[in-house]
$ cat query_0.pdb   # PDB, C-alpha atoms
ATOM      1  CA  MET A  28     -19.310 -17.238   8.921  1.00  0.00           C
ATOM      2  CA  ASP A  29     -19.466 -15.027   5.914  1.00  0.00           C
ATOM      3  CA  ARG A  30     -16.696 -12.945   4.476  1.00  0.00           C
ATOM      4  CA  PHE A  31     -17.285  -9.678   2.685  1.00  0.00           C
ATOM      5  CA  ARG A  32     -15.005  -7.465   0.662  1.00  0.00           C
ATOM      6  CA  LEU A  33     -14.569  -4.017   2.176  1.00  0.00           C
ATOM      7  CA  ASN A  34     -15.161  -2.303  -1.190  1.00  0.00           C
ATOM      8  CA  ASP A  35     -18.629  -3.831  -1.416  1.00  0.00           C
ATOM      9  CA  LEU A  36     -19.839  -2.587   1.962  1.00  0.00           C
ATOM     10  CA  ILE A  37     -21.919   0.546   2.484  1.00  0.00           C
ATOM     11  CA  TRP A  38     -22.222   2.051   5.954  1.00  0.00           C
ATOM     12  CA  ILE A  39     -25.379   4.059   6.679  1.00  0.00           C
ATOM     13  CA  TYR A  40     -25.594   6.294   9.739  1.00  0.00           C
ATOM     14  CA  ASN A  41     -29.259   6.884  10.544  1.00  0.00           C
ATOM     15  CA  LEU A  42     -29.503  10.344  12.101  1.00  0.00           C
ATOM     16  CA  GLU A  43     -32.966   9.782  13.586  1.00  0.00           C
ATOM     17  CA  ARG A  44     -32.173   6.532  15.376  1.00  0.00           C
ATOM     18  CA  ARG A  45     -28.478   7.340  15.925  1.00  0.00           C
ATOM     19  CA  ASN A  46     -27.212   3.972  14.726  1.00  0.00           C
ATOM     20  CA  LEU A  47     -24.763   2.750  12.112  1.00  0.00           C
ATOM     21  CA  SER A  48     -25.691  -0.102   9.789  1.00  0.00           C
ATOM     22  CA  VAL A  49     -23.699  -2.019   7.190  1.00  0.00           C
ATOM     23  CA  PHE A  50     -25.265  -3.065   3.909  1.00  0.00           C
ATOM     24  CA  VAL A  51     -24.019  -5.320   1.140  1.00  0.00           C
ATOM     25  CA  LYS A  52     -25.702  -6.107  -2.180  1.00  0.00           C
ATOM     26  CA  ASN A  53     -26.005  -9.623  -3.550  1.00  0.00           C
ATOM     27  CA  SER A  54     -24.333 -10.562  -6.819  1.00  0.00           C
ATOM     28  CA  ASP A  55     -27.556 -10.079  -8.809  1.00  0.00           C
ATOM     29  CA  GLY A  56     -28.077  -6.592  -7.411  1.00  0.00           C
ATOM     30  CA  THR A  57     -31.666  -7.365  -6.436  1.00  0.00           C
ATOM     31  CA  ARG A  58     -31.350  -7.516  -2.657  1.00  0.00           C
ATOM     32  CA  ALA A  59     -29.378  -5.838   0.091  1.00  0.00           C
ATOM     33  CA  LYS A  60     -28.492  -7.386   3.426  1.00  0.00           C
ATOM     34  CA  ASN A  61     -28.034  -5.492   6.668  1.00  0.00           C
ATOM     35  CA  ILE A  62     -25.082  -7.297   8.233  1.00  0.00           C
ATOM     36  CA  MET A  63     -25.739  -5.870  11.696  1.00  0.00           C
ATOM     37  CA  ASP A  64     -29.100  -7.591  12.203  1.00  0.00           C
ATOM     38  CA  GLY A  65     -29.280  -9.951   9.222  1.00  0.00           C
ATOM     39  CA  THR A  66     -32.399  -8.503   7.597  1.00  0.00           C
ATOM     40  CA  ILE A  67     -32.677  -8.688   3.837  1.00  0.00           C
ATOM     41  CA  TYR A  68     -34.314  -5.910   1.800  1.00  0.00           C
ATOM     42  CA  ASP A  69     -35.456  -5.901  -1.806  1.00  0.00           C
ATOM     43  CA  ILE A  70     -33.783  -3.127  -3.777  1.00  0.00           C
ATOM     44  CA  PRO A  71     -36.502  -0.865  -5.233  1.00  0.00           C
ATOM     45  CA  THR A  72     -36.991  -0.776  -9.003  1.00  0.00           C
ATOM     46  CA  TYR A  73     -37.433   2.411 -11.007  1.00  0.00           C
ATOM     47  CA  ARG A  74     -38.343   3.131 -14.577  1.00  0.00           C
ATOM     48  CA  GLY A  75     -35.306   4.353 -16.452  1.00  0.00           C
ATOM     49  CA  GLU A  76     -34.990   5.935 -19.840  1.00  0.00           C
ATOM     50  CA  TYR A  77     -36.850   4.348 -22.743  1.00  0.00           C
ATOM     51  CA  GLY A  78     -38.893   2.136 -20.405  1.00  0.00           C
ATOM     52  CA  SER A  79     -35.989   0.182 -18.978  1.00  0.00           C
ATOM     53  CA  VAL A  80     -36.170  -1.072 -15.409  1.00  0.00           C
ATOM     54  CA  GLU A  81     -33.270  -0.264 -13.124  1.00  0.00           C
ATOM     55  CA  ARG A  82     -32.576  -0.944  -9.472  1.00  0.00           C
ATOM     56  CA  ARG A  83     -31.143   1.674  -7.128  1.00  0.00           C
ATOM     57  CA  LEU A  84     -30.173   1.430  -3.490  1.00  0.00           C
ATOM     58  CA  ASP A  85     -32.645   3.986  -2.251  1.00  0.00           C
ATOM     59  CA  PHE A  86     -32.133   4.098   1.499  1.00  0.00           C
ATOM     60  CA  GLU A  87     -35.076   6.467   1.929  1.00  0.00           C
ATOM     61  CA  LYS A  88     -37.350   3.583   0.975  1.00  0.00           C
ATOM     62  CA  ILE A  89     -35.269   0.821   2.558  1.00  0.00           C
ATOM     63  CA  LEU A  90     -34.823   2.502   5.938  1.00  0.00           C
ATOM     64  CA  GLY A  91     -37.978   4.604   5.824  1.00  0.00           C
ATOM     65  CA  THR A  92     -36.099   7.819   6.585  1.00  0.00           C
ATOM     66  CA  LYS A  93     -34.573  10.686   4.673  1.00  0.00           C
ATOM     67  CA  ASN A  94     -32.064  11.630   7.367  1.00  0.00           C
ATOM     68  CA  TYR A  95     -29.011   9.443   6.889  1.00  0.00           C
ATOM     69  CA  THR A  96     -25.385   9.663   5.871  1.00  0.00           C
ATOM     70  CA  VAL A  97     -23.699   7.222   3.483  1.00  0.00           C
ATOM     71  CA  TYR A  98     -20.101   6.105   4.036  1.00  0.00           C
ATOM     72  CA  PHE A  99     -18.009   3.838   1.879  1.00  0.00           C
ATOM     73  CA  PHE A 100     -14.934   2.149   3.339  1.00  0.00           C
ATOM     74  CA  LYS A 101     -12.449   4.892   2.479  1.00  0.00           C
ATOM     75  CA  ASP A 102     -14.817   7.570   3.806  1.00  0.00           C
ATOM     76  CA  LEU A 103     -15.410   5.711   7.057  1.00  0.00           C
ATOM     77  CA  ILE A 104     -11.753   4.887   7.661  1.00  0.00           C
ATOM     78  CA  GLY A 105     -10.926   8.539   7.000  1.00  0.00           C
ATOM     79  CA  ARG A 106     -13.572   9.650   9.502  1.00  0.00           C
ATOM     80  CA  VAL A 107     -12.978   7.191  12.372  1.00  0.00           C
ATOM     81  CA  GLY A 108      -9.436   6.023  11.654  1.00  0.00           C
ATOM     82  CA  THR A 109      -8.132   2.565  12.414  1.00  0.00           C
ATOM     83  CA  LYS A 110      -9.320   2.735  16.038  1.00  0.00           C
ATOM     84  CA  ALA A 111     -12.512   1.004  15.012  1.00  0.00           C
ATOM     85  CA  PHE A 112     -10.927  -1.528  12.677  1.00  0.00           C
ATOM     86  CA  THR A 113      -8.569  -3.324  15.049  1.00  0.00           C
ATOM     87  CA  THR A 114      -8.022  -6.137  12.548  1.00  0.00           C
ATOM     88  CA  LEU A 115      -6.463  -3.601  10.170  1.00  0.00           C
ATOM     89  CA  ALA A 116      -4.085  -2.135  12.776  1.00  0.00           C
ATOM     90  CA  LYS A 117      -1.134  -4.195  11.520  1.00  0.00           C
ATOM     91  CA  GLU A 118      -1.698  -3.057   7.969  1.00  0.00           C
ATOM     92  CA  ALA A 119      -2.147   0.546   9.118  1.00  0.00           C
ATOM     93  CA  ARG A 120       1.285   0.418  10.786  1.00  0.00           C
ATOM     94  CA  ARG A 121       2.779  -0.923   7.553  1.00  0.00           C
ATOM     95  CA  VAL A 122       1.171   1.917   5.583  1.00  0.00           C
ATOM     96  CA  GLU A 123       2.473   4.476   8.082  1.00  0.00           C
ATOM     97  CA  LYS A 124       6.026   3.089   7.764  1.00  0.00           C
ATOM     98  CA  GLU A 125       5.836   3.275   3.988  1.00  0.00           C
ATOM     99  CA  GLN A 126       4.553   6.856   4.117  1.00  0.00           C
ATOM    100  CA  ASP A 127       7.358   7.840   6.496  1.00  0.00           C
ATOM    101  CA  ARG A 128       9.876   6.234   4.146  1.00  0.00           C
ATOM    102  CA  LEU A 129       8.470   8.213   1.214  1.00  0.00           C
ATOM    103  CA  ARG A 130       8.555  11.469   3.202  1.00  0.00           C
ATOM    104  CA  LYS A 131      12.215  10.941   4.130  1.00  0.00           C
ATOM    105  CA  ASP A 132      13.148  10.171   0.532  1.00  0.00           C
ATOM    106  CA  THR A 133      15.119  12.911  -1.207  1.00  0.00           C
ATOM    107  CA  ASN A 134      12.996  12.544  -4.347  1.00  0.00           C
ATOM    108  CA  TYR A 135       9.823  13.218  -2.331  1.00  0.00           C
ATOM    109  CA  CYS A 136       8.399  15.741  -4.772  1.00  0.00           C
ATOM    110  CA  GLU A 137       8.557  13.272  -7.657  1.00  0.00           C
ATOM    111  CA  TYR A 138       5.896  10.974  -6.194  1.00  0.00           C
ATOM    112  CA  SER A 139       2.323  11.384  -7.295  1.00  0.00           C
ATOM    113  CA  GLU A 140      -0.629  10.886  -4.969  1.00  0.00           C
ATOM    114  CA  TYR A 141      -1.196   7.452  -6.493  1.00  0.00           C
ATOM    115  CA  ASP A 142       2.245   6.281  -5.371  1.00  0.00           C
ATOM    116  CA  TYR A 143       1.393   6.602  -1.685  1.00  0.00           C
ATOM    117  CA  PRO A 144       0.460   3.385   0.065  1.00  0.00           C
ATOM    118  CA  GLU A 145      -2.982   2.974   1.568  1.00  0.00           C
ATOM    119  CA  ILE A 146      -5.007   0.311   3.320  1.00  0.00           C
ATOM    120  CA  ASP A 147      -6.189  -2.320   0.874  1.00  0.00           C
ATOM    121  CA  ALA A 148      -9.936  -1.880   0.494  1.00  0.00           C
ATOM    122  CA  SER A 149     -10.364  -4.945  -1.696  1.00  0.00           C
ATOM    123  CA  GLN A 150      -9.526  -7.408   1.066  1.00  0.00           C
ATOM    124  CA  TYR A 151     -12.040  -9.663   2.761  1.00  0.00           C
ATOM    125  CA  MET A 152     -13.161  -9.417   6.377  1.00  0.00           C
ATOM    126  CA  LEU A 153     -15.319 -11.705   8.488  1.00  0.00           C
ATOM    127  CA  ASP A 154     -18.809 -10.542   9.345  1.00  0.00           C
ATOM    128  CA  SER A 155     -18.088 -10.760  13.086  1.00  0.00           C
ATOM    129  CA  ASP A 156     -15.113  -8.401  12.641  1.00  0.00           C
ATOM    130  CA  ILE A 157     -17.252  -6.046  10.551  1.00  0.00           C
ATOM    131  CA  ILE A 158     -19.952  -5.954  13.228  1.00  0.00           C
ATOM    132  CA  ALA A 159     -17.408  -5.265  15.986  1.00  0.00           C
ATOM    133  CA  ALA A 160     -15.755  -2.518  13.926  1.00  0.00           C
ATOM    134  CA  THR A 161     -19.128  -0.970  13.101  1.00  0.00           C
ATOM    135  CA  ARG A 162     -20.100  -0.790  16.768  1.00  0.00           C
ATOM    136  CA  LYS A 163     -16.809   0.943  17.600  1.00  0.00           C
ATOM    137  CA  ALA A 164     -17.205   3.298  14.636  1.00  0.00           C
ATOM    138  CA  GLU A 165     -20.753   4.134  15.720  1.00  0.00           C
ATOM    139  CA  ALA A 166     -19.489   5.326  19.111  1.00  0.00           C
ATOM    140  CA  ILE A 167     -16.809   7.446  17.434  1.00  0.00           C
ATOM    141  CA  LEU A 168     -19.284   8.950  14.956  1.00  0.00           C
ATOM    142  CA  GLN A 169     -21.726   9.873  17.712  1.00  0.00           C
ATOM    143  CA  LYS A 170     -19.019  12.056  19.292  1.00  0.00           C
ATOM    144  CA  ASP A 171     -18.238  13.858  16.024  1.00  0.00           C
ATOM    145  CA  PRO A 172     -19.389  17.526  16.181  1.00  0.00           C
ATOM    146  CA  SER A 173     -20.605  17.629  12.573  1.00  0.00           C
ATOM    147  CA  ILE A 174     -22.730  14.527  13.127  1.00  0.00           C
ATOM    148  CA  LYS A 175     -24.120  15.992  16.371  1.00  0.00           C
ATOM    149  CA  LYS A 176     -25.090  19.137  14.489  1.00  0.00           C
ATOM    150  CA  ARG A 177     -26.871  17.132  11.792  1.00  0.00           C
ATOM    151  CA  GLU A 178     -28.691  15.102  14.454  1.00  0.00           C
ATOM    152  CA  GLU A 179     -29.948  18.309  16.058  1.00  0.00           C
ATOM    153  CA  GLU A 180     -31.107  19.613  12.681  1.00  0.00           C
ATOM    154  CA  CYS A 181     -32.858  16.294  12.088  1.00  0.00           C
ATOM    155  CA  LYS A 182     -34.582  16.501  15.463  1.00  0.00           C
ATOM    156  CA  TYR A 183     -36.032  19.912  14.731  1.00  0.00           C
ATOM    157  CA  ASP A 184     -36.591  19.316  11.008  1.00  0.00           C
ATOM    158  CA  ASP A 185     -40.331  18.692  11.364  1.00  0.00           C
ATOM    159  CA  SER A 186     -40.903  22.049  13.050  1.00  0.00           C
ATOM    160  CA  TYR A 187     -39.523  23.864   9.972  1.00  0.00           C
ATOM    161  CA  GLN A 188     -42.015  22.256   7.614  1.00  0.00           C
ATOM    162  CA  PHE A 189     -45.523  23.669   7.411  1.00  0.00           C
TER     163      PHE A 189
END
$ encode --input "query_0.pdb" --output "C-alpha coordinates"
Amino acid sequence: MDRFRLNDLIWIYNLERRNLSVFVKNSDGTRAKNIMDGTIYDIPTYRGEYGSVERRLDFEKILGTKNYTVYFFKDLIGRVGTKAFTTLAKEARRVEKEQDRLRKDTNYCEYSEYDYPEIDASQYMLDSDIIAATRKAEAILQKDPSIKKREEECKYDDSYQF
(Lines of atoms letter the chains of each structure in order from A and count residues from 1; the text may use other names and numbers.)
(Lines give C-alpha, C1' and ligand atoms only; values in the text may rest on other atoms or scores of the structure.)
Protein backbone atom coordinates (compact mmCIF):
# COMPACT_ATOMS: atom_id res chain seq x y z
CA MET A 1 0.00 0.00 0.00
CA ASP A 2 1.29 3.36 -0.98
CA ARG A 3 0.68 6.63 0.77
CA PHE A 4 0.53 9.94 -1.04
CA ARG A 5 0.44 13.49 0.21
CA LEU A 6 -2.73 15.32 -0.77
CA ASN A 7 -0.78 18.39 -1.95
CA ASP A 8 1.06 16.29 -4.53
CA LEU A 9 -2.06 14.87 -6.17
CA ILE A 10 -3.65 16.25 -9.33
CA TRP A 11 -7.20 15.25 -10.24
CA ILE A 12 -8.10 15.34 -13.94
CA TYR A 13 -11.72 15.16 -15.06
CA ASN A 14 -11.81 13.98 -18.67
CA LEU A 15 -14.86 15.58 -20.28
CA GLU A 16 -14.93 13.21 -23.26
CA ARG A 17 -14.84 9.98 -21.27
CA ARG A 18 -16.60 11.42 -18.20
CA ASN A 19 -14.13 9.99 -15.70
CA LEU A 20 -11.95 11.38 -12.93
CA SER A 21 -8.32 10.31 -12.63
CA VAL A 22 -5.67 11.02 -10.01
CA PHE A 23 -2.08 11.67 -11.00
CA VAL A 24 1.07 12.00 -8.93
CA LYS A 25 4.59 12.83 -10.12
CA ASN A 26 7.65 10.90 -9.00
CA SER A 27 10.40 12.64 -7.05
CA ASP A 28 12.53 13.16 -10.18
CA GLY A 29 9.66 14.78 -12.05
CA THR A 30 10.14 12.51 -15.05
CA ARG A 31 7.09 10.28 -14.75
CA ALA A 32 3.49 10.55 -13.63
CA LYS A 33 1.40 7.71 -12.25
CA ASN A 34 -2.35 7.38 -12.62
CA ILE A 35 -3.36 6.03 -9.21
CA MET A 36 -6.78 4.87 -10.42
CA ASP A 37 -5.46 2.23 -12.84
CA GLY A 38 -1.74 2.16 -12.04
CA THR A 39 -0.45 3.22 -15.46
CA ILE A 40 2.77 5.19 -15.59
CA TYR A 41 3.33 7.95 -18.16
CA ASP A 42 6.52 9.71 -19.17
CA ILE A 43 6.23 13.46 -18.70
CA PRO A 44 6.86 15.16 -22.07
CA THR A 45 9.99 17.28 -22.51
CA TYR A 46 10.01 20.70 -24.15
CA ARG A 47 12.74 23.04 -25.22
CA GLY A 48 12.88 26.00 -22.89
CA GLU A 49 14.70 29.27 -23.18
CA TYR A 50 18.35 29.20 -24.22
CA GLY A 51 18.13 25.54 -25.26
CA SER A 52 17.32 24.15 -21.84
CA VAL A 53 15.14 21.06 -21.56
CA GLU A 54 12.16 21.24 -19.24
CA ARG A 55 9.39 18.81 -18.38
CA ARG A 56 5.75 19.84 -18.12
CA LEU A 57 2.70 17.83 -17.18
CA ASP A 58 0.92 18.24 -20.48
CA PHE A 59 -2.30 16.29 -20.10
CA GLU A 60 -3.21 16.89 -23.74
CA LYS A 61 -0.34 14.58 -24.68
CA ILE A 62 -0.65 12.24 -21.70
CA LEU A 63 -4.40 11.66 -22.00
CA GLY A 64 -4.67 12.31 -25.72
CA THR A 65 -7.45 14.86 -25.28
CA LYS A 66 -7.80 18.60 -24.98
CA ASN A 67 -11.09 18.51 -23.08
CA TYR A 68 -10.27 18.11 -19.41
CA THR A 69 -10.44 20.01 -16.15
CA VAL A 70 -7.60 20.11 -13.61
CA TYR A 71 -8.32 20.07 -9.87
CA PHE A 72 -5.86 20.29 -7.02
CA PHE A 73 -6.88 19.14 -3.55
CA LYS A 74 -8.25 22.47 -2.34
CA ASP A 75 -10.18 22.95 -5.58
CA LEU A 76 -11.68 19.48 -5.44
CA ILE A 77 -12.61 19.65 -1.76
CA GLY A 78 -14.22 23.03 -2.43
CA ARG A 79 -16.21 21.56 -5.33
CA VAL A 80 -17.37 18.23 -3.85
CA GLY A 81 -17.01 18.89 -0.13
CA THR A 82 -16.09 16.26 2.42
CA LYS A 83 -18.84 13.90 1.22
CA ALA A 84 -16.31 12.20 -1.02
CA PHE A 85 -13.45 12.17 1.46
CA THR A 86 -14.98 10.18 4.31
CA THR A 87 -11.58 9.71 5.95
CA LEU A 88 -11.38 13.48 6.41
CA ALA A 89 -14.85 13.80 7.99
CA LYS A 90 -13.44 13.92 11.53
CA GLU A 91 -11.03 16.67 10.61
CA ALA A 92 -13.78 18.55 8.76
CA ARG A 93 -15.89 18.55 11.94
CA ARG A 94 -12.91 19.91 13.89
CA VAL A 95 -12.44 22.69 11.31
CA GLU A 96 -16.15 23.54 11.47
CA LYS A 97 -16.01 23.80 15.29
CA GLU A 98 -13.00 26.09 15.09
CA GLN A 99 -14.71 28.30 12.49
CA ASP A 100 -17.83 28.52 14.65
CA ARG A 101 -15.68 29.48 17.63
CA LEU A 102 -14.02 32.24 15.60
CA ARG A 103 -17.39 33.53 14.36
CA LYS A 104 -18.74 33.74 17.92
CA ASP A 105 -15.64 35.56 19.13
CA THR A 106 -16.16 39.25 19.88
CA ASN A 107 -12.91 40.15 18.12
CA TYR A 108 -14.14 38.48 14.91
CA CYS A 109 -13.17 41.35 12.64
CA GLU A 110 -9.55 41.24 13.79
CA TYR A 111 -8.87 37.83 12.24
CA SER A 112 -7.34 37.67 8.80
CA GLU A 113 -8.25 35.01 6.26
CA TYR A 114 -5.04 33.16 7.11
CA ASP A 115 -6.15 32.70 10.72
CA TYR A 116 -9.11 30.51 9.76
CA PRO A 117 -8.59 26.79 10.15
CA GLU A 118 -8.76 24.53 7.13
CA ILE A 119 -8.27 20.88 6.30
CA ASP A 120 -4.60 19.97 6.28
CA ALA A 121 -3.62 19.35 2.67
CA SER A 122 -0.11 18.21 3.51
CA GLN A 123 -1.23 15.01 5.22
CA TYR A 124 -0.80 11.55 3.77
CA MET A 125 -3.59 9.26 2.60
CA LEU A 126 -3.56 5.64 1.49
CA ASP A 127 -4.04 4.92 -2.18
CA SER A 128 -7.13 2.79 -1.48
CA ASP A 129 -8.74 5.74 0.33
CA ILE A 130 -7.79 8.06 -2.54
CA ILE A 131 -9.36 5.72 -5.09
CA ALA A 132 -12.58 5.41 -3.06
CA ALA A 133 -12.77 9.19 -2.60
CA THR A 134 -12.12 9.78 -6.30
CA ARG A 135 -14.96 7.46 -7.31
CA LYS A 136 -17.35 9.30 -4.98
CA ALA A 137 -16.11 12.67 -6.23
CA GLU A 138 -16.58 11.55 -9.84
CA ALA A 139 -20.27 10.85 -9.19
CA ILE A 140 -20.68 14.26 -7.54
CA LEU A 141 -18.88 16.06 -10.37
CA GLN A 142 -21.02 14.37 -13.02
CA LYS A 143 -24.12 15.93 -11.41
CA ASP A 144 -22.62 19.43 -11.36
CA PRO A 145 -24.43 21.73 -13.87
CA SER A 146 -21.27 23.53 -14.98
CA ILE A 147 -19.55 20.23 -15.72
CA LYS A 148 -22.63 18.99 -17.61
CA LYS A 149 -22.55 22.14 -19.72
CA ARG A 150 -18.87 21.66 -20.53
CA GLU A 151 -19.50 18.01 -21.44
CA GLU A 152 -22.21 19.08 -23.88
CA GLU A 153 -19.89 21.67 -25.41
CA CYS A 154 -17.22 18.99 -25.71
CA LYS A 155 -19.65 16.63 -27.42
CA TYR A 156 -20.53 19.15 -30.08
CA ASP A 157 -17.06 20.71 -30.31
CA ASP A 158 -16.12 18.87 -33.51
CA SER A 159 -19.14 20.21 -35.38
CA TYR A 160 -17.95 23.81 -34.79
CA GLN A 161 -14.58 23.20 -36.41
CA PHE A 162 -14.33 23.28 -40.19
$ residues_around --input "query_0.pdb" --residues "segment 144-160 of chain A" --least-positions-apart "2" --cutoff "7 Å" --atoms "all atoms listed in the file" --output "list in words"
Met28, Asp29, Arg30, Phe31, Arg32, Leu33, Asn34, Met63, Ala111, Phe112, Glu118, Ala119, Val122, Glu125, Gln126, Asp142, Arg162, Lys163 and Ala164 of chain A
$ closest_residue --input "query_0.pdb" --among "A:Thr57, A:Gln169, A:Thr161, A:Thr72" --to "Glu43 of chain A" --atoms "all atoms listed in the file"
A:Gln169
$ closest_residue --input "query_0.pdb" --among "A:Tyr95, A:Tyr143, A:Phe86, A:Phe50" --to "Lys124 of chain A" --atoms "all atoms listed in the file"
A:Tyr143
$ axis_aligned_box --input "query_0.pdb" --around "segment 146-164 of chain A" --padding-each-side "5 Å" --output "AutoDock Vina command-line options"
--center_x -12.6 --center_y -4.2 --center_z 8.0 --size_x 25.1 --size_y 25.0 --size_z 29.3
$ residues_near_point --input "query_0.pdb" --point "(-24.8, -4.9, -7.6)" --cutoff "12 Å" --atoms "only C-alpha atoms" --output "MDAnalysis selection string"
chainID A and resid 34:37 50:60 70 81:84
$ atom_distance --input "query_0.pdb" --atom1 "atom CA of Ile104 of chain A" --atom2 "atom CA of Lys176 of chain A"
20.7 Å
